[in-house]
file final.cif (mmCIF, C-alpha atoms)
data_work
loop_
_atom_site.label_atom_id
_atom_site.label_comp_id
_atom_site.auth_asym_id
_atom_site.auth_seq_id
_atom_site.Cartn_x
_atom_site.Cartn_y
_atom_site.Cartn_z
CA MET A 1 0.00 0.00 0.00
CA ALA A 2 1.48 3.31 -1.04
CA SER A 3 -0.20 5.69 1.40
CA TYR A 4 -2.77 5.87 4.13
CA THR A 5 -4.34 8.47 6.38
CA ILE A 6 -5.39 8.23 10.01
CA ARG A 7 -8.67 9.92 10.82
CA GLN A 8 -11.49 9.81 13.31
CA ALA A 9 -14.16 7.29 12.37
CA THR A 10 -17.58 8.67 11.46
CA ASP A 11 -21.09 7.29 11.22
CA SER A 12 -20.51 6.76 7.50
CA ASP A 13 -17.83 4.18 8.43
CA LEU A 14 -20.24 2.16 10.56
CA ASP A 15 -20.78 -0.79 8.20
CA ARG A 16 -17.04 -1.14 7.62
CA LEU A 17 -16.30 -0.81 11.36
CA VAL A 18 -18.69 -3.69 12.02
CA GLU A 19 -16.87 -5.76 9.36
CA LEU A 20 -13.47 -4.98 10.85
CA SER A 21 -14.72 -5.71 14.38
CA LEU A 22 -16.11 -9.06 13.30
CA ALA A 23 -12.85 -9.88 11.51
CA LEU A 24 -10.94 -9.02 14.70
CA ARG A 25 -13.31 -11.14 16.76
CA GLU A 26 -12.95 -14.07 14.36
CA HIS A 27 -9.16 -13.67 14.52
CA VAL A 28 -8.95 -13.66 18.32
CA GLU A 29 -11.40 -16.56 18.65
CA ALA A 30 -9.23 -18.58 16.25
CA SER A 31 -6.10 -17.48 18.13
CA ASN A 32 -7.38 -18.63 21.50
CA PRO A 33 -9.93 -21.45 21.47
CA ARG A 34 -10.55 -20.96 25.21
CA LEU A 35 -11.83 -17.42 24.68
CA TRP A 36 -15.53 -16.91 25.24
CA ARG A 37 -17.33 -16.73 21.92
CA LEU A 38 -19.53 -13.93 20.69
CA ALA A 39 -23.12 -15.17 20.62
CA PRO A 40 -25.49 -14.18 17.78
CA GLU A 41 -27.08 -11.52 19.99
CA GLY A 42 -23.56 -10.18 20.67
CA VAL A 43 -22.97 -9.90 16.95
CA ALA A 44 -26.29 -8.09 16.61
CA ARG A 45 -25.33 -5.71 19.44
CA LEU A 46 -21.90 -4.94 17.96
CA ARG A 47 -23.25 -2.22 15.68
CA GLN A 48 -24.91 -0.49 18.62
CA GLU A 49 -21.69 -0.68 20.66
CA ILE A 50 -19.74 0.95 17.84
CA GLU A 51 -22.39 3.67 17.51
CA GLU A 52 -22.11 4.32 21.26
CA THR A 53 -18.32 4.57 20.97
CA LEU A 54 -18.60 7.03 18.08
CA SER A 55 -20.87 9.30 20.14
CA ASN A 56 -18.96 8.97 23.43
CA PRO A 57 -16.93 12.14 24.17
CA ASP A 58 -14.55 10.05 26.31
CA ALA A 59 -13.78 7.63 23.49
CA LEU A 60 -12.08 7.86 20.14
CA LEU A 61 -12.30 5.38 17.31
CA LEU A 62 -9.64 5.96 14.69
CA VAL A 63 -9.39 4.40 11.25
CA ALA A 64 -6.53 4.02 8.83
CA VAL A 65 -7.82 4.65 5.32
CA GLY A 66 -6.31 4.22 1.90
CA PRO A 67 -6.60 6.63 -1.05
CA ASP A 68 -10.23 5.55 -1.57
CA ASP A 69 -11.06 6.51 2.08
CA ARG A 70 -12.02 2.90 2.87
CA PRO A 71 -11.01 1.88 6.43
CA LEU A 72 -8.24 -0.72 6.38
CA GLY A 73 -7.63 -0.72 10.12
CA MET A 74 -9.02 0.65 13.34
CA ALA A 75 -8.18 1.28 16.99
CA THR A 76 -10.30 2.38 19.93
CA GLY A 77 -9.25 4.47 22.90
CA GLN A 78 -11.41 5.22 25.89
CA ILE A 79 -10.90 7.38 28.95
CA ARG A 80 -11.85 5.74 32.21
CA THR A 81 -12.49 7.50 35.49
CA ARG A 82 -12.28 5.33 38.60
CA PRO A 83 -12.71 7.28 41.83
CA GLY A 84 -10.95 5.58 44.69
CA HIS A 85 -8.19 4.17 42.49
CA VAL A 86 -4.71 5.37 41.69
CA PRO A 87 -4.65 6.48 39.00
CA SER A 88 -8.24 7.67 39.02
CA LEU A 89 -7.97 8.71 35.37
CA SER A 90 -6.65 6.27 32.80
CA GLY A 91 -6.98 5.33 29.18
CA TYR A 92 -7.70 2.01 27.54
CA ILE A 93 -6.53 1.02 24.08
CA ALA A 94 -8.38 -1.88 22.48
CA ARG A 95 -9.68 -3.22 19.20
CA VAL A 96 -6.47 -2.49 17.33
CA PHE A 97 -6.92 -4.32 14.05
CA VAL A 98 -5.43 -3.99 10.59
CA GLU A 99 -6.50 -6.06 7.60
CA PRO A 100 -3.97 -8.86 7.07
CA ALA A 101 -2.98 -7.60 3.59
CA CYS A 102 -2.08 -4.19 5.07
CA ARG A 103 -0.03 -5.32 8.07
CA GLY A 104 3.63 -4.49 8.47
CA GLN A 105 3.27 -1.00 7.02
CA GLY A 106 2.97 1.02 10.21
CA LEU A 107 -0.80 1.36 10.31
CA ALA A 108 -1.16 -0.05 13.84
CA SER A 109 1.56 2.26 15.14
CA ALA A 110 0.00 5.27 13.42
CA LEU A 111 -3.38 4.41 14.95
CA VAL A 112 -1.87 4.01 18.43
CA GLU A 113 0.05 7.30 18.02
CA GLY A 114 -3.25 9.00 17.20
CA LEU A 115 -4.81 7.58 20.35
CA CYS A 116 -1.82 8.79 22.39
CA THR A 117 -2.45 12.30 21.05
CA PHE A 118 -6.11 12.03 22.14
CA PHE A 119 -5.04 10.92 25.62
CA ALA A 120 -2.40 13.65 25.87
CA GLU A 121 -4.99 16.31 25.00
CA ARG A 122 -7.09 15.01 27.92
CA ASP A 123 -4.06 14.77 30.26
CA VAL A 124 -4.37 10.99 30.55
CA GLN A 125 -1.01 9.62 31.65
CA ASP A 126 -1.68 5.95 32.40
CA LEU A 127 -2.87 3.46 29.78
CA SER A 128 -4.07 -0.12 29.75
CA LEU A 129 -3.34 -2.01 26.55
CA GLY A 130 -5.81 -4.77 25.74
CA TRP A 131 -5.02 -7.89 23.77
CA VAL A 132 -5.95 -11.56 23.85
CA LEU A 133 -3.37 -14.16 24.82
CA GLY A 134 -2.71 -16.35 21.82
CA ASN A 135 -3.23 -13.50 19.36
CA ARG A 136 0.33 -13.75 18.04
CA GLU A 137 0.17 -10.49 16.08
CA ALA A 138 -1.02 -8.48 19.09
CA GLU A 139 1.41 -10.19 21.45
CA ASP A 140 4.30 -9.52 19.06
CA TYR A 141 3.24 -5.90 18.59
CA TRP A 142 2.81 -4.95 22.26
CA THR A 143 5.63 -7.08 23.68
CA GLY A 144 7.85 -5.88 20.81
CA LEU A 145 7.32 -2.39 22.18
CA GLY A 146 8.36 -3.71 25.59
CA PHE A 147 4.97 -4.10 27.28
CA LEU A 148 4.15 -7.23 29.24
CA PRO A 149 0.76 -8.33 30.58
CA ILE A 150 0.13 -7.60 34.26
CA ILE A 151 -3.30 -9.14 34.69
CA VAL A 152 -4.14 -12.61 33.48
CA LEU A 153 -7.63 -14.08 33.50
CA ALA A 154 -8.30 -17.79 33.27
CA ASP A 155 -11.57 -19.30 32.15
CA ALA A 156 -13.24 -22.02 34.18
CA THR A 157 -16.61 -23.45 34.95
CA ARG A 158 -17.83 -23.37 38.53
CA HIS A 159 -17.89 -27.16 38.44
CA ASP A 160 -14.20 -27.30 37.44
CA VAL A 161 -13.20 -25.00 40.30
CA GLU A 162 -15.27 -26.98 42.80
CA ALA A 163 -13.76 -30.27 41.56
CA LYS A 164 -10.21 -28.93 41.87
CA LEU A 165 -10.91 -27.63 45.39
CA ALA A 166 -12.42 -30.99 46.37
CA ALA A 167 -9.33 -32.78 45.06
CA ILE A 168 -7.08 -30.52 47.14
CA ARG A 169 -9.24 -31.05 50.26
CA SER A 170 -9.14 -34.79 49.69
CA ARG A 171 -5.38 -34.82 49.26
CA ARG A 172 -4.88 -32.68 52.38
CA SER A 173 -7.19 -34.83 54.49
CA THR A 174 -5.34 -38.02 53.53
CA ASP A 175 -1.92 -36.57 54.33
CA GLY A 176 -3.18 -34.75 57.46
CA SER A 177 -2.36 -31.22 56.31
CA LEU A 178 -5.77 -29.58 56.64
#

call {"tool": "encode", "arguments": {"input": "final.cif", "output": "C-alpha cells"}}
result
Amino acid sequence: MASYTIRQATDSDLDRLVELSLALREHVEASNPRLWRLAPEGVARLRQEIEETLSNPDALLLVAVGPDDRPLGMATGQIRTRPGHVPSLSGYIARVFVEPACRGQGLASALVEGLCTFFAERDVQDLSLGWVLGNREAEDYWTGLGFLPIIVLADATRHDVEAKLAAIRSRRSTDGSL
C-alpha cells in the first residue's frame, strides 16, 4: 500500500467498522480457542456498541484509510475514570486491528500514536493495553514495544473450580495437612 491516512471514524464508516470488528473477533477466537465466543445476539449488538463509541466524548475510534477513504484498520481508545483508584484517570486502548494484507506497514503504530495524542490532549497519563493471549500479532506488537501483561484471566466453569478444590481437600485430608 502506497499511502494511508489516520482519521477519526464517522457514522458513514459504521458498516465497515462492524466488518473490521467481526474480523478481529474471528481472529482472536481462532487465536485462543478458550476465549468466550460472541453469541449471535452479541454480533447483533456490535453495531450499537460501535455507535455508542462514536458518540462517546470520552472515546475515540480511529481508522486508517487508503486513497479511496475505505477503512483498512481501526483502533479504539477510551478514557476511564475510577474514583478511589490510583490512577483515578486512565486510558484504555483496544480493538487495534489492521487487515492482514495491510499489516507491516505502520498502520497499527500510526493508529496508536493518534490515540496517544487524544489521551495527551485530555491529560491521561496511564494506559491499559488490551489484547488476547494467543493472538500472536497483538502479542508480538505490544511485547515488541516492551509491554508485558500484568493481569491474566483464566476461564473455568464453577464445576471445574469446585472439583479442583475438592481434590485438594481430599489430598490434604489423607496426608493430614488440613

call {"tool": "closest_residue", "arguments": {"input": "final.cif", "among": "A:Ser170, A:Gln48, A:Thr10, A:Ser109", "to": "Phe97 in chain A", "atoms": "all atoms listed in the file"}}
result
A:Ser109

call {"tool": "atom_distance", "arguments": {"input": "final.cif", "atom1": "CA of Leu107 in chain A", "atom2": "CA of Gln78 in chain A"}}
result
19.2 Å

call {"tool": "resolve_selection", "arguments": {"input": "final.cif", "expression": "the PyMOL selection byres ((chain A and resi 34-43) around 10)", "output": "list of chain:residue names"}}
result
A:Val18, A:Ser21, A:Leu22, A:Arg25, A:Glu26, A:Val28, A:Glu29, A:Ala30, A:Ser31, A:Asn32, A:Pro33, A:Ala44, A:Arg45, A:Leu46, A:Arg47, A:Gln48, A:Glu49, A:Val132, A:Leu133, A:Gly134, A:Ala154, A:Asp155, A:Ala156

call {"tool": "closest_residue", "arguments": {"input": "final.cif", "among": "A:Gly84, A:Pro100, A:Pro71, A:Ile79", "to": "Glu121 in chain A", "atoms": "all atoms listed in the file"}}
result
A:Ile79

call {"tool": "resolve_selection", "arguments": {"input": "final.cif", "expression": "the PyMOL selection byres ((chain A and resi 124) around 10)", "output": "ChimeraX atom specification"}}
result
/A:79-80,87-91,116-123,125-127

call {"tool": "resolve_selection", "arguments": {"input": "final.cif", "expression": "the PyMOL selection byres ((chain A and resi 137) around 12)", "output": "NGL selection string"}}
result
:A and (24 or 27-28 or 31 or 96-100 or 103-104 or 108 or 131-136 or 138-144)

call {"tool": "axis_aligned_box", "arguments": {"input": "final.cif", "around": "range 23-33 of chain A", "padding_each_side": "4 Å", "output": "JSON"}}
result
{"center_x": -9.7, "center_y": -15.2, "center_z": 16.5, "size_x": 15.2, "size_y": 20.4, "size_z": 18.0}

call {"tool": "atom_distance", "arguments": {"input": "final.cif", "atom1": "CA of Ser55 in chain A", "atom2": "CA of Leu20 in chain A"}}
result
18.6 Å

call {"tool": "decode", "arguments": {"input": "final.cif", "residues": "range 54-159 of chain A", "atoms": "C-alpha atoms", "output": "tab-separated table (two decimals), in the first residue's frame"}}
result
chain	number	residue	atom	x	y	z
A	54	LEU	CA	-18.60	7.03	18.08
A	55	SER	CA	-20.87	9.30	20.14
A	56	ASN	CA	-18.96	8.97	23.43
A	57	PRO	CA	-16.93	12.14	24.17
A	58	ASP	CA	-14.55	10.05	26.31
A	59	ALA	CA	-13.78	7.63	23.49
A	60	LEU	CA	-12.08	7.86	20.14
A	61	LEU	CA	-12.30	5.38	17.31
A	62	LEU	CA	-9.64	5.96	14.69
A	63	VAL	CA	-9.39	4.40	11.25
A	64	ALA	CA	-6.53	4.02	8.83
A	65	VAL	CA	-7.82	4.65	5.32
A	66	GLY	CA	-6.31	4.22	1.90
A	67	PRO	CA	-6.60	6.63	-1.05
A	68	ASP	CA	-10.23	5.55	-1.57
A	69	ASP	CA	-11.06	6.51	2.08
A	70	ARG	CA	-12.02	2.90	2.87
A	71	PRO	CA	-11.01	1.88	6.43
A	72	LEU	CA	-8.24	-0.72	6.38
A	73	GLY	CA	-7.63	-0.72	10.12
A	74	MET	CA	-9.02	0.65	13.34
A	75	ALA	CA	-8.18	1.28	16.99
A	76	THR	CA	-10.30	2.38	19.93
A	77	GLY	CA	-9.25	4.47	22.90
A	78	GLN	CA	-11.41	5.22	25.89
A	79	ILE	CA	-10.90	7.38	28.95
A	80	ARG	CA	-11.85	5.74	32.21
A	81	THR	CA	-12.49	7.50	35.49
A	82	ARG	CA	-12.28	5.33	38.60
A	83	PRO	CA	-12.71	7.28	41.83
A	84	GLY	CA	-10.95	5.58	44.69
A	85	HIS	CA	-8.19	4.17	42.49
A	86	VAL	CA	-4.71	5.37	41.69
A	87	PRO	CA	-4.65	6.48	39.00
A	88	SER	CA	-8.24	7.67	39.02
A	89	LEU	CA	-7.97	8.71	35.37
A	90	SER	CA	-6.65	6.27	32.80
A	91	GLY	CA	-6.98	5.33	29.18
A	92	TYR	CA	-7.70	2.01	27.54
A	93	ILE	CA	-6.53	1.02	24.08
A	94	ALA	CA	-8.38	-1.88	22.48
A	95	ARG	CA	-9.68	-3.22	19.20
A	96	VAL	CA	-6.47	-2.49	17.33
A	97	PHE	CA	-6.92	-4.32	14.05
A	98	VAL	CA	-5.43	-3.99	10.59
A	99	GLU	CA	-6.50	-6.06	7.60
A	100	PRO	CA	-3.97	-8.86	7.07
A	101	ALA	CA	-2.98	-7.60	3.59
A	102	CYS	CA	-2.08	-4.19	5.07
A	103	ARG	CA	-0.03	-5.32	8.07
A	104	GLY	CA	3.63	-4.49	8.47
A	105	GLN	CA	3.27	-1.00	7.02
A	106	GLY	CA	2.97	1.02	10.21
A	107	LEU	CA	-0.80	1.36	10.31
A	108	ALA	CA	-1.16	-0.05	13.84
A	109	SER	CA	1.56	2.26	15.14
A	110	ALA	CA	0.00	5.27	13.42
A	111	LEU	CA	-3.38	4.41	14.95
A	112	VAL	CA	-1.87	4.01	18.43
A	113	GLU	CA	0.05	7.30	18.02
A	114	GLY	CA	-3.25	9.00	17.20
A	115	LEU	CA	-4.81	7.58	20.35
A	116	CYS	CA	-1.82	8.79	22.39
A	117	THR	CA	-2.45	12.30	21.05
A	118	PHE	CA	-6.11	12.03	22.14
A	119	PHE	CA	-5.04	10.92	25.62
A	120	ALA	CA	-2.40	13.65	25.87
A	121	GLU	CA	-4.99	16.31	25.00
A	122	ARG	CA	-7.09	15.01	27.92
A	123	ASP	CA	-4.06	14.77	30.26
A	124	VAL	CA	-4.37	10.99	30.55
A	125	GLN	CA	-1.01	9.62	31.65
A	126	ASP	CA	-1.68	5.95	32.40
A	127	LEU	CA	-2.87	3.46	29.78
A	128	SER	CA	-4.07	-0.12	29.75
A	129	LEU	CA	-3.34	-2.01	26.55
A	130	GLY	CA	-5.81	-4.77	25.74
A	131	TRP	CA	-5.02	-7.89	23.77
A	132	VAL	CA	-5.95	-11.56	23.85
A	133	LEU	CA	-3.37	-14.16	24.82
A	134	GLY	CA	-2.71	-16.35	21.82
A	135	ASN	CA	-3.23	-13.50	19.36
A	136	ARG	CA	0.33	-13.75	18.04
A	137	GLU	CA	0.17	-10.49	16.08
A	138	ALA	CA	-1.02	-8.48	19.09
A	139	GLU	CA	1.41	-10.19	21.45
A	140	ASP	CA	4.30	-9.52	19.06
A	141	TYR	CA	3.24	-5.90	18.59
A	142	TRP	CA	2.81	-4.95	22.26
A	143	THR	CA	5.63	-7.08	23.68
A	144	GLY	CA	7.85	-5.88	20.81
A	145	LEU	CA	7.32	-2.39	22.18
A	146	GLY	CA	8.36	-3.71	25.59
A	147	PHE	CA	4.97	-4.10	27.28
A	148	LEU	CA	4.15	-7.23	29.24
A	149	PRO	CA	0.76	-8.33	30.58
A	150	ILE	CA	0.13	-7.60	34.26
A	151	ILE	CA	-3.30	-9.14	34.69
A	152	VAL	CA	-4.14	-12.61	33.48
A	153	LEU	CA	-7.63	-14.08	33.50
A	154	ALA	CA	-8.30	-17.79	33.27
A	155	ASP	CA	-11.57	-19.30	32.15
A	156	ALA	CA	-13.24	-22.02	34.18
A	157	THR	CA	-16.61	-23.45	34.95
A	158	ARG	CA	-17.83	-23.37	38.53
A	159	HIS	CA	-17.89	-27.16	38.44
